[in-house]
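Worksheet: the structure to be examined is printed underneath.
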Amino acid sequence: MEYLSRYWTFMAKYNVLNAFWVNVSLTLAAGALALILGTIAVTMRISPVSSLRLASTFYVNVFRDIPLTVVMVIMASVVWMQLNVSFSNDFHTDFYILAVIGLGIYHSSFIAEALRSGINTVPVGQAEAARGIGLTFLQSTRIVVLPQAFRGSIAPIGNTIIALIKNTTVASVTGVSTETSSTMQAAIEMGPQFIFLIFLTFALGYVIIVIPVGVLSTSLSRRLAVKR
Amino acid sequence: MSGREYGRLIMVDSVGTEPVAQMVNVQKHFGHLHVLKDINLTVHRGEVVVVIGPSGSGKSTLCRTINRLEPIDSGEIRIQGKLLPQEGRDLARLRADVGMVFQSFNLFAHMSILDNVTLGPRKARKVPKDKAEAEALALLDRVGIKDQAKKLPAQLSGGQQQRAAIARALAMHPVLMLFDEPTSALDPEMINEVLDVMVSLAKEGMTMIVVTHEMGFARRAADRVVFMSDGLILEEGSPEAFFTTPQTDRAKDFLAKILHH
């Protein structure tokens with residue numbers, strides 16, 4: 001018991017809740033970016049223009065194949081340091097935005113693939129009927145195909161979001177030092193006697209965040225399934 | 001139902017001389033399979049052409065090439081004298097003028113019946129929502145399913161879904177309606193409710209190309225029967241002439257198989 005209370009006093013020096021909030025906010029921002037980019041990529045992938053299809057295939061395969069750590073290192077050391085891409089005067093804000101972009105691009109390739117599997121659940125006759133009443137490719141994709149594809153790919157999109165939640169810890173690579181894995185590392189260095197409890201604390205935090213996402217995606221994928 | 005679009009009522013049972021759809025020397029392959037062999041077909045305003053033939057004869061493909069759901073290899077297809085455009089906005093505009101009814105209905109599964117019918121007018125023709133809905137309800141009433149307007153397609157029977165699909169096509173005020181085996185996926189007791197709607201359309205002077213196995217419909221509503229086999233148009237004529245005195249052995253054989261059992 002005394003060990004626990006000493007651990008409690010020790011951890012009070014670290015803002016664990018805030019660290020988790022940094023990861024959650026990274027998830028929200030990068031997730032939104034990934035959904036937008038992934039939707040654009042999959043629309044290009046099914047478009048009648050072959051150069052767009054090729055560009056999308058290339059984009060998805062490149063970012064799906066490169067390890068996330070490498071993407072994040074590129075964001076920090078190439079995009080920021082070499083190319084001097086900067087978004088604000090405060091380098092902390094810059095690091096945060098670079099992390100969002102890196103995470104967003106990386107996960108957009110998985111979102112695109114999840115959506116492509118969702119598009120495969122939409123019978124080809126749906127698009128034919130949409131074209132048959134005079135809708136353009138973009139109209140039929142936006143109004144008829146994608147809404148059904150989203151509803152058919154909620155489970156794999158949910159999996160990608162769960163992966164994203166945990167992958168936000170790689171933001172430490174671009175210098176986001178307030179997030180959980182950096183906070184955990186600092187705590188371990190200062191209090192190695194608590195190493196097991198420190199791991200447990202952070203692991204539990206992630207479990208608490210991820211479980212509702214999993215439950216929500218399962219129930220939404222059932223509730224929103226398109227009845228045919 | 002009045003106004004310009006249903007003004008064709010004047011032409012009841014009179015076939016115009018103005019060609020609505022023309023196919024000239026149309027060729028189409030699927031890989032090595034030659035599915036349309038030098039097809040020539042002209043459909044005039046107000047005419048109802050029924051295309052029949054054994055499975056795999058190319059009749060569905062013929063129907064689908066007319067609004068370019070299937071591109072052709074060579075030859076010409078014209079709608080109201082205008083050559084079918086390449087993929088793009090012009091093609092979308094042309095498809096808006098040509099109604100299509102599919103074997104498997106293809107109603108948009110995530111939208112209500114009403115939204116299915118109003119989508120085309122609203123998005124392709126920019127008709128205001130209230131006007132599109134009023135007209136959609138009138139069309140749904142006409143095909144006898146006005147009370148189903150708020151339901152999703154999956155909640156309707158096959159016959160009701162197909163009638164909704166016909167209403168969806170009519171909402172665009174098409175100059176031509178294509179029916180690709182519209183009753184083939186239906187339970188027998190639902191076939192007539194769909195055929196009745198089609199017969200009434202034909203009587204009102206709608207220009208129609210109908211791929212079907214329903215010989216009764218051909219007799220009741222067709223101005224002309226086209227018999228296809230192996231990608232060729234083998235015979236063309238009035239339903240009466242075709243059903244009583246078919247010229248080719250292939251047609252005699254086909255009619256013997258479907259009429260005597």
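Following the order of the structure tokens, first chain is A, next is B, and so on, with residues numbered from 1 inside each chain and ligands from 1 in the order they appear.
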**Request:** Give me the residues within 12 Å of Asp196 of chain B as a list in words, counting only C-alpha atoms and dropping any in the same chain fewer than 2 places off.
**Result:**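 Within the cut-off, the hits are Arg142, Val143, Gly144, Gly159, Gln162, Arg163, Ile166, Thr183, Met190, Ile191, Asn192, Glu193, Val194, Met198, Val199, Ser200, Leu201, Ala202, Lys203, Gly216, Phe217, Arg220 and Ala221 of chain B.
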Residue hits in chain B, query chain A, radius 8 Å, only C-alpha atoms, as a PDB file with C-alpha atoms, in the first residue's frame:
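Saved to selection.pdb:
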```
ATOM      1  CA  ASN B  67     -27.067   4.365 -73.400  1.00  0.00           C
ATOM      2  CA  LEU B  69     -23.408   1.220 -70.360  1.00  0.00           C
ATOM      3  CA  GLY B  88     -18.169  12.562 -69.633  1.00  0.00           C
ATOM      4  CA  ARG B  89     -20.741  15.303 -69.126  1.00  0.00           C
ATOM      5  CA  LEU B  91     -22.865  11.302 -72.039  1.00  0.00           C
ATOM      6  CA  ALA B  92     -24.429  11.983 -68.634  1.00  0.00           C
ATOM      7  CA  ARG B  93     -26.775  14.480 -70.321  1.00  0.00           C
ATOM      8  CA  LEU B  94     -27.733  11.930 -72.944  1.00  0.00           C
ATOM      9  CA  ARG B  95     -28.340   9.210 -70.375  1.00  0.00           C
ATOM     10  CA  ALA B  96     -30.676  11.571 -68.558  1.00  0.00           C
ATOM     11  CA  ASP B  97     -32.852  11.485 -71.692  1.00  0.00           C
ATOM     12  CA  VAL B  98     -32.838   7.701 -71.968  1.00  0.00           C
ATOM     13  CA  GLY B  99     -34.627   5.798 -69.214  1.00  0.00           C
ATOM     14  CA  MET B 100     -33.261   2.421 -68.214  1.00  0.00           C
ATOM     15  CA  SER B 104     -32.384  -6.528 -60.846  1.00  0.00           C
ATOM     16  CA  ASN B 106     -31.028  -1.477 -58.969  1.00  0.00           C
ATOM     17  CA  LEU B 107     -32.883   0.940 -56.741  1.00  0.00           C
ATOM     18  CA  PHE B 108     -30.424   2.897 -54.595  1.00  0.00           C
ATOM     19  CA  ALA B 109     -30.442   0.681 -51.520  1.00  0.00           C
ATOM     20  CA  HIS B 110     -29.658   3.400 -48.951  1.00  0.00           C
ATOM     21  CA  GLY B 120     -32.143  12.261 -61.082  1.00  0.00           C
ATOM     22  CA  LYS B 123     -29.096  16.392 -59.476  1.00  0.00           C
ATOM     23  CA  ALA B 124     -29.049  16.002 -63.252  1.00  0.00           C
ATOM     24  CA  PRO B 153     -36.202  -0.536 -51.408  1.00  0.00           C
ATOM     25  CA  ALA B 154     -35.509  -3.687 -49.350  1.00  0.00           C
ATOM     26  CA  ALA B 169     -36.773   6.404 -65.053  1.00  0.00           C
ATOM     27  CA  MET B 172     -36.431  12.159 -66.142  1.00  0.00           C
TER      28      MET B 172
END
```
**Item:** Near-segment 95-107 of chain A list (7 Å; only C-alpha atoms; drop same-chain fewer than 6 positions) as a list in words
**Value:**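 Non-adjacent residues within range: Leu26, Ala29, Ala30, Gly31, Leu33, Ala34, Phe63, Arg64, Leu68, Val71, Met72, Met75, Leu164, Ala171, Thr174, Gly175 and Val176 of chain A.
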**Request:** Go through segment 9-104 of chain A and collect every residue that DSSP, computed from the backbone, puts in helix (DSSP H, G or I); the answer should be as a ChimeraX atom specification.
**Result:** /A:9-11,16-45,50-65,68-82,91-104
**Message:** So that I can check the surroundings of segment 27-40 of chain B, please list as a PyMOL selection string every protein, DNA and RNA residue that reaches within 7 Å of it, counting only C-alpha atoms and ignoring chain neighbours fewer than 2 positions away.
**Reply:** chain B and resi 23-25+42+58+72-75+230-233
**Message:** Need to verify the contact set: Val16 of chain A, 12 Å, only C-alpha atoms, exclusion of same-chain residues closer than 4 positions in sequence. Can you return it as a list of chain:residue names?
**Reply:** A:Trp8, A:Phe10, A:Met11, A:Ala12, A:Phe20, A:Trp21, A:Val22, A:Asn23, A:Thr178, A:Glu179, A:Thr180, A:Ser181, A:Ser182, A:Thr183, A:Met184, A:Gln185, A:Ala186, A:Ala187, A:Ile198, A:Thr201, A:Phe202, A:Ala203, A:Leu204, A:Gly205, A:Tyr206
For the interface of segment 10-43 of chain A with segment 114-117 of chain A (cut-off 8 Å, counting only C-alpha atoms), please tabulate each contacting residue of segment 10-43 of chain A alongside its nearest pair of atoms and their separation in Å to one decimal, rows sorted by chain and increasing number, as CSV.
```
residue,atom,partner,partner_atom,distance
A:Gly38,CA,A:Leu115,CA,7.8
A:Thr39,CA,A:Leu115,CA,7.5
A:Val42,CA,A:Arg116,CA,6.3
```
